[in-house]
There are 4 protein chains.
Amino acid sequence: MKKDVKKVVLAYSGGLDTSIILKWLGDTYGCEVVTFTADIGQNEDLKPVKEKALKLGIKEENIFTLDLREEFVRDYVFPMFRANTVYEGEYLLGTSIARPLIAKYLVDIAKKTKADAISHGATGKGNDQVRFELGAYALNPDIKVIAPWREWDLNSREKLLAYAGKHNIEIQQKKGKSPYSMDANLLHISYEGLVLEDPAVAPESDMWRWTTDPKDAPNESEIIEIEYKNGDPISLNGKALKPHEMLDALNNLGAKHGIGRLDLVENRYVGMKSRGCYETPGGTIMLKAHRAMESLTLDREAAHLKDEIMPKYATFIYNGYWFSPERLMLQALIDESQKHVNGKVRLELYKGNVIVLGRKSETDSLFNAEFSTFEEDLVYDQKDAAGFIKLNALRFIIAGKNGRSM
Amino acid sequence: MKKDVKKVVLAYSGGLDTSIILKWLGDTYGCEVVTFTADIGQNEDLKPVKEKALKLGIKEENIFTLDLREEFVRDYVFPMFRANTVYEGEYLLGTSIARPLIAKYLVDIAKKTKADAISHGATGKGNDQVRFELGAYALNPDIKVIAPWREWDLNSREKLLAYAGKHNIEIQQKKGKSPYSMDANLLHISYEGLVLEDPAVAPESDMWRWTTDPKDAPNESEIIEIEYKNGDPISLNGKALKPHEMLDALNNLGAKHGIGRLDLVENRYVGMKSRGCYETPGGTIMLKAHRAMESLTLDREAAHLKDEIMPKYATFIYNGYWFSPERLMLQALIDESQKHVNGKVRLELYKGNVIVLGRKSETDSLFNAEFSTFEEDLVYDQKDAAGFIKLNALRFIIAGKNGRSM
Amino acid sequence: MKKDVKKVVLAYSGGLDTSIILKWLGDTYGCEVVTFTADIGQNEDLKPVKEKALKLGIKEENIFTLDLREEFVRDYVFPMFRANTVYEGEYLLGTSIARPLIAKYLVDIAKKTKADAISHGATGKGNDQVRFELGAYALNPDIKVIAPWREWDLNSREKLLAYAGKHNIEIQQKKGKSPYSMDANLLHISYEGLVLEDPAVAPESDMWRWTTDPKDAPNESEIIEIEYKNGDPISLNGKALKPHEMLDALNNLGAKHGIGRLDLVENRYVGMKSRGCYETPGGTIMLKAHRAMESLTLDREAAHLKDEIMPKYATFIYNGYWFSPERLMLQALIDESQKHVNGKVRLELYKGNVIVLGRKSETDSLFNAEFSTFEEDLVYDQKDAAGFIKLNALRFIIAGKNGRSM
Amino acid sequence: MKKDVKKVVLAYSGGLDTSIILKWLGDTYGCEVVTFTADIGQNEDLKPVKEKALKLGIKEENIFTLDLREEFVRDYVFPMFRANTVYEGEYLLGTSIARPLIAKYLVDIAKKTKADAISHGATGKGNDQVRFELGAYALNPDIKVIAPWREWDLNSREKLLAYAGKHNIEIQQKKGKSPYSMDANLLHISYEGLVLEDPAVAPESDMWRWTTDPKDAPNESEIIEIEYKNGDPISLNGKALKPHEMLDALNNLGAKHGIGRLDLVENRYVGMKSRGCYETPGGTIMLKAHRAMESLTLDREAAHLKDEIMPKYATFIYNGYWFSPERLMLQALIDESQKHVNGKVRLELYKGNVIVLGRKSETDSLFNAEFSTFEEDLVYDQKDAAGFIKLNALRFIIAGKNGRSM
């Protein structure tokens, strides 16, 4: 009953699970396996991954390892942050935003290697399977998808280890490897499982791998300045940085000051709630900074329109619809608003807090103290306010006079 | 050209400005003046206010001082927090939510005292004039409104002081009075003016009157538990509290731990940007706690619908449309969603941080570790995910097969 | 691999397909079959349906035939029309709105008869399977669902007829039965299939079973008056009518005058486009009449808010989420707005046109010719408009003065 | 108290009112007057208008008459129709969409002639003053605006006529001039006033100036085909037409067949309801045709997103915010969606009805009969629907199992 597959591109991490999948694919489908491993800032050396793939029998020309950090931040993370995107009021979408990039490369490499299928190690209960597969189908409607976790019967740790043993797959984990189910990239680390499965229980303090505990963060705060151009951060403390360098630098600052920890119960697209903990140090700083930059430079109704569509935009990304007409439409709306989002924001970082100290824009400020002061000015006639209020109240006045009560 | 006014109810704070207005109303309109002063938690004794009114010639039966703290929190603050309301991503609407309550009592007292007009001390450039007056017109379409700041020529500090001197109005300010333009109630304190008029400049540290500087906050964190019923907090650390007691208690906790400071540039309804600083200690805790409670008990689509309509709801309140069909319609939607928001949230307060430690609900949890685990369960068949993805991708697949590229 | 089912309630129409299903259920699951047939205005006698069920071996106590017309219109159709609901700009949701009612009775009868499963005759490519099953799961999470079209291999007309022959199921169709795939109830008739499968081809004129062709409709127009209470029509030409009587009467009027034909390409929830033709004579009149009634009695922002949320509400119903928190939340919002929608609308019906002639409301009109006339009036000071415009333009003026061009 | 104005550009129609304004501006402000008259399809010869201006003493170089029909349809009407824009469910915005174009030329001509002010003949109670002035301020923040109807005391027909007599302004109206207050352009004619001021009373049949009464329209229907490119109509019955030629041709067809009459109570931006009647023959055809074209070529979620934002977009235009960041943002979203809206629609016109007969697209159809048929196909596995439904129902199932009832 298996699909007829000749060659499959596997999103390969080098870990135990995807190594097992690598073997299982060949065994089950009798197909050639191509591996694809991306550096998206997960802070792992790709060289041993390549060696592992070779050792598992993958041909050298079928092993793809790519540094996608710049593309990831420039074309995925930054566009998303232009919208001040948060899912369900809190989550900065660190995993969600990386998945379409992987999907895109799976499809691209499939095309290049003339593979007819792709495969991934996401389970059948999570969001990632959806994100990988929606992305892949959107980019190639004829692609076949193999999702081993939904197909095989290796549905327990024991069976997996047995399979690994049988196929000479190295099961020794890296020392110090977290017992939690983790996902990491330049934007965030996520944790799931173990004690987190009870949402009433707080995470253990040694679960967090990236950020300093706010209580252990420096007693001295640190002040930084970020410059924005068209809604994207372009320089930090006066130094121009490429997108991924910027995020990296902000991550270091945030991590040092205990910024960006989050403990959530979220609603998965597949229908159940799950509990996750997240570290997004640089992203948390960027969200605050971008909002501050917009507060000075964005027109009121532009800002409100962005706020109104944001939850929808976040849900599109969370659910895996990055490559979709509806996401592109919202992106067009968002990007149209960002041409004036230029200037600088000064922030103070202190034990988990990101505090806005000031914002300015030589070119695009819409703030004018003259207009907002109590004193008289030339543009604003206070008597205009009477007419403004009266006409805005008119529908209430008419309703009231016609005998309708609120 | 002045309106014909017989009796006017003035929102009277006892301060210099409204004392001058009090006199000016009588002089200008030749009308009887009724004063109304509410305790909405601004932490001022109303007795001296009453004495001052008497001294300025107001008849005793025309002086109304009312403790509205419970009504304020129960009927205004709590309904607003059910929606996780923030204006422009940050502002917790501490001033905005108090104005309709004042408007309501101005109109009520006007009815009781057979007054035909109301008056307030809000300037012609701010939002508060709009909020007072829209509220008043919505509740009584025939009410006349006198907004002295839009009418008189006392448009400088000097002229005001001269007027006060001429009319024997005490100009001595309370010792320690802030030089900033402030508004205070049980939900927040706001600051405007002076150095804040340059949005690039950080507020002086001695501006803040309520919360401890996070840097001076206790080195020991504090853990609290809030119980929710139908979306409202009802007990703190196991002790049942009335709405205003709850907010008061959370304010004390938040203030102690440096929680709830905010520095914003916001968009006023009257068309300009302004910069304000806010302290909302208890509100900041409530926002985090309520979201955590909802994350466990609210259906996904209910939560997303709330998130989508929230910016609109916040704008209605900010702009002064509390008493409006549209706000009541959104409130009906919000309240319908809250019947299941029951349970307890545990939080840690530490130097400006509000950290969720856990949430649980005996009666209404939608979390079920069984469903979200990687292990098999009885409800969720992982194979279902394949169909779910395939049908959600179908429109992409058809588009792609018909030759359309993303 | 079949689910273990003891007793199943089948939505039974008496037609060939559900008769085959009736047999197939017993044969395949070895379970007792309960039939449920509702009169929702499809204009078919239920007595022969009952007889047919008896003949197919169903026990008399297991045959349920219910007249649900009043409930259907009162609790489903009318609430939906309060929102001026149209899907994708055109479709009046005649099929969609009937499905949750059927789902509810399937679950209710399952409870009453201690059945553990339900079944229906909807195919695996359509929306109705989703609507039946989402409704059923929402009302009983433990119910089992059997969807024969997704399970069996009778996937062609030939196989079905062979199965019928083998099991002595009467295959003779009623005389004059339409060759199109149809759905009918008190709100509409729908047509699918045959020539309609090419969206470039117009339907044949003899496809339409209900409404007169506009070209053959009377040359004399007809004027009617509908009275509304709380957003629902309650009397026609002065005669009070129950909900289903009202819809029936409007159907007769609309059908006579060629009103309510529609030819659409629509987007199914399951991911493909389909082409359907619809007749909704009474509904088309109600939509026009309700909008006219609201135009006079509904506050502007209430009306706009309803218009903004309507597409979402329509999609919820189309997709099968009638029984969901999100639909109930929107219904609460909608119903809150309807308390003032009281009055009378006069309409002219003529060859496919529904023309509003007038609307009035003794109690709730917000129209006041005095205010909208060019003449002076007491409430509206034209000079107020200057202030209104100036403040609404202020953000543009500030932007322009700060050097930003549109 | 009058503003200091040197030169003013007046939107001049040649009618009595703007002729009086022309004189009044000179008399009141002692300023030079420039007249601007546009042909936007109102079907009036501009030559007599020019002569009249000359006769009233305007210098020849200060008289501007421009044919803006193509720009009007191409850059205003067509972009608006891409969104299927209707205000309050019915109104096609014929007046609203023309105003920003006039505002733009007033500002442009002011720049060219070094005028410091503009003026118009819109009253203080209507929407048009807002649309003219918001447009003007958005394009030139320093422009002065003179709105005579809000300033002068000629607030009755008698006073106007007296003023005209005193200043030798010809008061004789064209023969056959409508007694209603009308606005006309290539998109529509509107009527207000007289019997229409009672919304319960139907308009007199001789009020309508453009369209044939449906009852007098041809007994033979007419079939047409419109071709769309990127969401705009480009050819009619195989003949390529410029935008304004297209609208003109559709107007003739619509008018002949009694299409596009509308009788409405609408909500003005200035706060009151008003009653108007409209004729939009070509626009009514375009709305139906564009929806039909989209139904075949637009992705489902793109279509739904457009439907959700449309009411907002319509309100922006109705209220006068064509030149605003928020309208431009929505336009970017809308235009992004239109690249695939290519193909042909066939329509039948008959006595007020616009009936879709068919739609096809060689390049961009998303319809595929194979997928929507009941027969088996290669892409769609009916069993996938089970998983799709199950996961979409999962949140209900979990809620139900946890004891929550709908």
# chains A, B, ... in the order shown; residues from 1 in each chain; ligands from 1
$ interface_residues --of "chain B" --to "chain C" --cutoff "6 Å" --atoms "only C-alpha atoms" --output "list of chain:residue names"
B:Val270, B:Gly271, B:Glu301, B:Ala302, B:Pro325, B:Glu326, B:Met329, B:Ala332, B:Leu333, B:Glu336, B:Leu391, B:Leu394, B:Arg395
$ write_last_selection --atoms "N, CA, C and O atoms" --output "compact mmCIF listing (two decimals), in the first residue's frame"
# COMPACT_ATOMS: atom_id res chain seq x y z
N VAL B 270 -8.20 62.82 18.85
CA VAL B 270 -8.32 64.13 18.23
C VAL B 270 -7.25 64.38 17.17
O VAL B 270 -7.19 65.48 16.61
N GLY B 271 -6.39 63.41 16.89
CA GLY B 271 -5.57 63.52 15.69
C GLY B 271 -4.07 63.68 15.84
O GLY B 271 -3.35 63.59 14.85
N GLU B 301 -10.88 28.79 18.82
CA GLU B 301 -11.48 29.78 17.93
C GLU B 301 -12.14 30.91 18.71
O GLU B 301 -12.19 32.05 18.24
N ALA B 302 -12.62 30.60 19.88
CA ALA B 302 -13.14 31.66 20.75
C ALA B 302 -12.01 32.63 21.10
O ALA B 302 -12.17 33.85 21.04
N PRO B 325 -23.79 51.40 21.07
CA PRO B 325 -24.25 50.07 20.63
C PRO B 325 -23.08 49.16 20.25
O PRO B 325 -23.11 47.97 20.55
N GLU B 326 -22.07 49.71 19.61
CA GLU B 326 -20.97 48.87 19.14
C GLU B 326 -20.17 48.28 20.31
O GLU B 326 -19.74 47.13 20.26
N MET B 329 -22.28 45.54 21.83
CA MET B 329 -22.27 44.34 20.98
C MET B 329 -20.99 43.54 21.20
O MET B 329 -21.03 42.32 21.36
N ALA B 332 -21.11 41.83 24.53
CA ALA B 332 -21.94 40.61 24.52
C ALA B 332 -21.14 39.44 23.98
O ALA B 332 -21.20 38.33 24.51
N LEU B 333 -20.39 39.67 22.94
CA LEU B 333 -19.52 38.63 22.37
C LEU B 333 -18.47 38.18 23.39
O LEU B 333 -18.25 36.98 23.59
N GLU B 336 -20.02 36.32 26.45
CA GLU B 336 -20.44 34.97 26.06
C GLU B 336 -19.27 33.99 26.15
O GLU B 336 -19.46 32.81 26.46
N LEU B 391 -6.50 17.89 2.75
CA LEU B 391 -7.64 18.72 2.35
C LEU B 391 -7.35 20.20 2.55
O LEU B 391 -7.78 21.04 1.76
N LEU B 394 -5.50 21.25 -0.41
CA LEU B 394 -6.10 20.93 -1.72
C LEU B 394 -6.17 22.16 -2.64
O LEU B 394 -5.88 22.07 -3.83
N ARG B 395 -6.50 23.31 -2.07
CA ARG B 395 -6.60 24.49 -2.94
C ARG B 395 -5.24 24.86 -3.53
O ARG B 395 -5.17 25.38 -4.64
$ residues_around --residues "region 179-186 of chain D" --least-positions-apart "6" --cutoff "6 Å" --atoms "only C-alpha atoms" --output "number ranges by chain"
D: 40-42, 192-193
$ write_last_selection --atoms "N, CA and C atoms" --output "short mmCIF file (atom, residue, chain, number, x, y, z; two decimals), in the first residue's frame"
data_model
loop_
_atom_site.label_atom_id
_atom_site.label_comp_id
_atom_site.auth_asym_id
_atom_site.auth_seq_id
_atom_site.Cartn_x
_atom_site.Cartn_y
_atom_site.Cartn_z
N ILE D 40 -16.56 64.44 -15.65
CA ILE D 40 -16.39 63.08 -15.13
C ILE D 40 -17.60 62.24 -15.56
N GLY D 41 -18.14 62.66 -16.69
CA GLY D 41 -19.22 61.86 -17.26
C GLY D 41 -20.60 62.28 -16.79
N GLN D 42 -20.73 63.48 -16.25
CA GLN D 42 -22.04 63.92 -15.80
C GLN D 42 -22.94 64.32 -16.95
N GLU D 192 -31.74 63.18 -4.01
CA GLU D 192 -32.10 63.41 -2.61
C GLU D 192 -33.17 64.50 -2.54
N GLY D 193 -33.83 64.57 -1.40
CA GLY D 193 -34.75 65.67 -1.15
C GLY D 193 -36.19 65.39 -1.55
#
$ closest_residue --among "A:Val345, A:Ile118, A:Val33, A:Leu262" --to "Ile226 (chain A)" --atoms "only C-alpha atoms"
A:Val345
$ residues_around --residues "region 45-52 of chain A" --least-positions-apart "6" --cutoff "7 Å" --atoms "only C-alpha atoms" --output "list of chain:residue names"
A:Gly14, A:Ile63, A:Thr65
$ residues_around --residues "Val86 (chain B)" --least-positions-apart "6" --cutoff "8 Å" --atoms "only C-alpha atoms" --output "list in words"
Leu92, Leu93, Met310, Pro311 and Ala314 of chain B
$ atom_distance --atom1 "CA of Phe367 (chain C)" --atom2 "CA of Leu296 (chain C)"
6.2 Å
$ select_by_dssp --residues "region 39-110 of chain D" --states "helix (DSSP H, G or I)" --output "ChimeraX atom specification"
/D:46-55,60-62,69-81,99-110
$ write_last_selection --atoms "C-alpha atoms" --output "short mmCIF file (atom, residue, chain, number, x, y, z; two decimals), in the first residue's frame"
data_model
loop_
_atom_site.label_atom_id
_atom_site.label_comp_id
_atom_site.auth_asym_id
_atom_site.auth_seq_id
_atom_site.Cartn_x
_atom_site.Cartn_y
_atom_site.Cartn_z
CA LEU D 46 -18.46 72.23 -20.39
CA LYS D 47 -18.45 75.02 -22.97
CA PRO D 48 -21.44 76.92 -21.55
CA VAL D 49 -19.93 76.50 -18.09
CA LYS D 50 -16.80 78.26 -19.29
CA GLU D 51 -18.86 81.03 -20.88
CA LYS D 52 -20.81 81.50 -17.71
CA ALA D 53 -17.61 81.82 -15.69
CA LEU D 54 -16.30 84.40 -18.13
CA LYS D 55 -19.57 86.29 -17.88
CA GLU D 60 -9.85 83.27 -19.02
CA GLU D 61 -6.56 81.96 -17.68
CA ASN D 62 -8.33 81.24 -14.41
CA ARG D 69 -13.35 60.60 -17.51
CA GLU D 70 -10.56 58.17 -18.28
CA GLU D 71 -8.59 58.97 -15.13
CA PHE D 72 -11.76 58.77 -13.07
CA VAL D 73 -12.66 55.28 -14.22
CA ARG D 74 -9.13 53.91 -14.48
CA ASP D 75 -7.68 55.17 -11.21
CA TYR D 76 -10.72 55.44 -8.98
CA VAL D 77 -13.70 53.41 -10.17
CA PHE D 78 -11.85 50.29 -11.31
CA PRO D 79 -9.61 49.96 -8.23
CA MET D 80 -12.74 50.25 -6.10
CA PHE D 81 -14.58 47.57 -8.06
CA ARG D 99 -14.83 63.41 -4.74
CA PRO D 100 -11.15 62.60 -4.14
CA LEU D 101 -10.46 63.10 -7.84
CA ILE D 102 -11.99 66.57 -7.66
CA ALA D 103 -10.02 67.28 -4.48
CA LYS D 104 -6.82 66.22 -6.20
CA TYR D 105 -7.39 68.62 -9.10
CA LEU D 106 -8.40 71.47 -6.81
CA VAL D 107 -5.05 71.09 -5.05
CA ASP D 108 -3.14 70.62 -8.30
CA ILE D 109 -4.68 73.68 -9.89
CA ALA D 110 -4.09 75.67 -6.72
#
$ residues_around --residues "Gln129 (chain C)" --least-positions-apart "5" --cutoff "8 Å" --atoms "only C-alpha atoms" --output "PyMOL selection string"
chain C and resi 120+122-124+147
$ write_last_selection --atoms "N, CA, C and O atoms" --output "mmCIF file, in the first residue's frame"
data_model
loop_
_atom_site.group_PDB
_atom_site.id
_atom_site.type_symbol
_atom_site.label_atom_id
_atom_site.label_comp_id
_atom_site.auth_asym_id
_atom_site.auth_seq_id
_atom_site.Cartn_x
_atom_site.Cartn_y
_atom_site.Cartn_z
ATOM 1 N N HIS C 120 -25.020 9.097 7.740
ATOM 2 C CA HIS C 120 -25.667 10.022 6.812
ATOM 3 C C HIS C 120 -25.254 9.658 5.393
ATOM 4 O O HIS C 120 -24.296 8.916 5.181
ATOM 5 N N ALA C 122 -24.136 11.765 3.010
ATOM 6 C CA ALA C 122 -23.340 12.794 2.326
ATOM 7 C C ALA C 122 -22.043 12.193 1.797
ATOM 8 O O ALA C 122 -21.440 11.336 2.440
ATOM 9 N N THR C 123 -21.617 12.659 0.642
ATOM 10 C CA THR C 123 -20.421 12.091 0.022
ATOM 11 C C THR C 123 -19.143 12.635 0.661
ATOM 12 O O THR C 123 -19.176 13.574 1.443
ATOM 13 N N GLY C 124 -18.038 12.056 0.253
ATOM 14 C CA GLY C 124 -16.749 12.405 0.839
ATOM 15 C C GLY C 124 -16.102 13.631 0.235
ATOM 16 O O GLY C 124 -15.007 14.024 0.642
ATOM 17 N N ALA C 147 -19.843 7.145 7.750
ATOM 18 C CA ALA C 147 -20.071 7.879 6.511
ATOM 19 C C ALA C 147 -19.856 6.910 5.358
ATOM 20 O O ALA C 147 -18.752 6.787 4.831
#
$ residues_around --residues "Thr37 (chain A)" --least-positions-apart "4" --cutoff "7 Å" --atoms "only C-alpha atoms" --output "PDB file with C-alpha atoms, in the first residue's frame"
ATOM      1  CA  ALA A  11      14.915  17.040   6.373  1.00  0.00           C
ATOM      2  CA  TYR A  12      17.763  15.539   8.344  1.00  0.00           C
ATOM      3  CA  SER A  13      18.956  16.855  11.679  1.00  0.00           C
ATOM      4  CA  PHE A  64      22.976  18.911   1.253  1.00  0.00           C
ATOM      5  CA  THR A  65      24.058  21.164   4.111  1.00  0.00           C
ATOM      6  CA  LEU A  66      23.293  24.824   3.710  1.00  0.00           C
TER       7      LEU A  66
END
$ atom_distance --atom1 "CA of Ile389 (chain B)" --atom2 "CA of Lys144 (chain A)"
12.7 Å
$ atom_distance --atom1 "CA of Leu366 (chain A)" --atom2 "CA of Ala240 (chain A)"
25.1 Å
$ select_by_dssp --residues "region 96-179 of chain D" --states "strand (DSSP E or B)" --output "VMD selection string"
chain D and resid 117 to 119 144 to 146
